[in-house]
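**Q** Below you will find the structure I want to go over with you.
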Amino acid sequence: MSLVNSMLLVFLLGTSSSLSGALGTLLMLAIVMGVYSLGMPPLRSRLDTTNTLLASVLLAATLTSCADLFAQRWFLAWHQAFGLYGALIALQCVVLEQRGFFRQPLADRLRLCALFVGLMLALAIVRELIGTGSLGRGLADHGAGLVLFSEALPLATLIPGAFIILGLLLAARKAWTRSNSLSKETHRP
């Protein structure tokens, strides 16, 4: 199973304009989805389909609200940049629950999550480097991060730039895997 029909693209494009935003998003996603995956199985086994959906919505909204309040209290600068994407974590949990993601074996879930984390971090690093010319802005209290070049392309920090960069990263991955598969082929007369 893949993450088809999930809403992870919203997080991928909306919160990956900087490395700090991506790391904060991944942390909040991991905490909420981790606690959700522990709390939902006992409820799922005792409820029918309709009530499972209602319990799923209630649990996801509660966990997301608690995480959002925690972020407002302790990480206000990041929370202000994160905006309303935090509320979408609850919706993401419900969508993944309905798709059967939380019923998969743990190894499969971890593999899919690791792919998402890798793509999110790669996109965030590329967007921040191209968009601001530095890396790690917002990770330190008053630092500009590692400034690599002064000329930047601010389009990369916007959503249209995220689509373009994501398309280029996916094309590079496709070309990389295709070239590896071509080199393994043998031609027989």
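Chain lettering (A, B, ...) mirrors the order of the structure tokens, residue numbering begins at 1 for each chain separately, and ligand numbering begins at 1 in order of display.
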Extract, using only C-alpha atoms, all DNA, RNA and protein residues at most 8 Å from Leu121 (chain A), discarding same-chain residues fewer than 5 positions from it, and format them as a PyMOL selection string.
**A** chain A and resi 16+19+22-23
**Q** Restrict the selected residues to C-alpha atoms and save them as a PDB file, in the first residue's frame.
**A**
```
ATOM      1  CA  SER A  16       9.024  22.832   3.505  1.00  0.00           C
ATOM      2  CA  LEU A  19      14.601  23.348   7.116  1.00  0.00           C
ATOM      3  CA  ALA A  22      10.129  20.963   7.830  1.00  0.00           C
ATOM      4  CA  LEU A  23      11.717  19.668  11.034  1.00  0.00           C
TER       5      LEU A  23
END
```
**Q** Write out as number ranges by chain the residues lying within 12 Å of Leu153 (chain A), counting only C-alpha atoms and excluding same-chain residues fewer than 5 positions away.
**A** A: 126-134, 158, 161
**Q** What does the file look like for those residues with C-alpha atoms, as a compact mmCIF listing (two decimals), in the first residue's frame?
**A**
```
# COMPACT_ATOMS: atom_id res chain seq x y z
CA VAL A 126 16.82 22.48 -1.72
CA ARG A 127 14.10 25.13 -1.32
CA GLU A 128 15.96 26.95 1.45
CA LEU A 129 19.28 26.85 -0.40
CA ILE A 130 17.82 28.14 -3.65
CA GLY A 131 15.31 30.52 -2.05
CA THR A 132 17.48 32.23 0.57
CA GLY A 133 21.06 31.23 -0.20
CA SER A 134 21.52 29.81 3.29
CA LEU A 158 6.77 29.98 -2.52
CA GLY A 161 8.49 27.04 -6.64
```
**Q** Hey, which of A:Leu155, A:Leu76, A:Ala60, A:Leu119 ends up closest to Leu12 (chain A)? Count only C-alpha atoms.
**A** A:Leu119
**Q** Rank A:Val35, A:Ser18, A:Thr157, A:Ala30 by their smallest atom-to-atom distance to Ala114 (chain A), using only C-alpha atoms, and report the top residue only.
**A** A:Ala30
**Q** So which residues of region 53-140 of chain A fall under helix (DSSP H, G or I) by DSSP, listed as JSON, numbers by chain?
**A** {"A": [53, 54, 55, 56, 57, 58, 59, 60, 61, 62, 63, 64, 65, 66, 67, 68, 69, 70, 71, 72, 73, 74, 76, 77, 78, 79, 80, 81, 82, 83, 84, 85, 88, 89, 90, 91, 92, 93, 94, 95, 96, 97, 98, 101, 102, 103, 106, 107, 108, 109, 110, 111, 112, 113, 114, 115, 116, 117, 118, 119, 120, 121, 122, 123, 124, 125, 126, 127, 128, 129, 130, 131, 132]}
**Q** When distances are computed from only C-alpha atoms, which of A:Leu63, A:Leu38, A:Val10, A:Ile165 shows the smallest separation from Leu84 (chain A)?
**A**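 Checking each candidate against Leu84 (chain A), we get A:Val10 as the closest.
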**Q** So which residues touch Ala61 (chain A) within 9 Å, counting only C-alpha atoms, skipping near sequence neighbours fewer than 6 positions away, as a PyMOL selection string?
**A** chain A and resi 87+89-91
**Q** For a quick check of understanding, using only C-alpha atoms, which of A:Pro105, A:Pro160, A:Ser65, A:Asn51 has the smallest distance to Tyr85 (chain A)?
**A**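 Distance minimum relative to Tyr85 (chain A) lands on A:Ser65.
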**Q** Would you please extract all strand (DSSP E) residues from region 17-187 of chain A, as assigned by DSSP on the backbone, and give them as number ranges by chain?
**A** A: 134-135, 146-147
**Q** Given the selection you just returned, output its residues as a file containing C-alpha atoms, formatted as a PDB file, in the first residue's frame.
**A**
```pdb
ATOM      1  CA  SER A 134      21.524  29.814   3.289  1.00  0.00           C
ATOM      2  CA  LEU A 135      20.771  26.699   5.229  1.00  0.00           C
ATOM      3  CA  LEU A 146      24.996  28.761   7.103  1.00  0.00           C
ATOM      4  CA  VAL A 147      25.109  31.418   4.382  1.00  0.00           C
TER       5      VAL A 147
END
```
**Q** What does the structure give for the distance between CA of Arg103 (chain A) and CA of Ser37 (chain A), in Å to one decimal?
**A**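 A separation of 9.0 Å between them.
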**Q** From the list A:Ala55, A:Ala77, A:Ala175, A:Met28, which residue is nearest Pro41 (chain A) when using only C-alpha atoms?
**A**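 Answer, going by the shortest atom-to-atom distance: A:Ala55.
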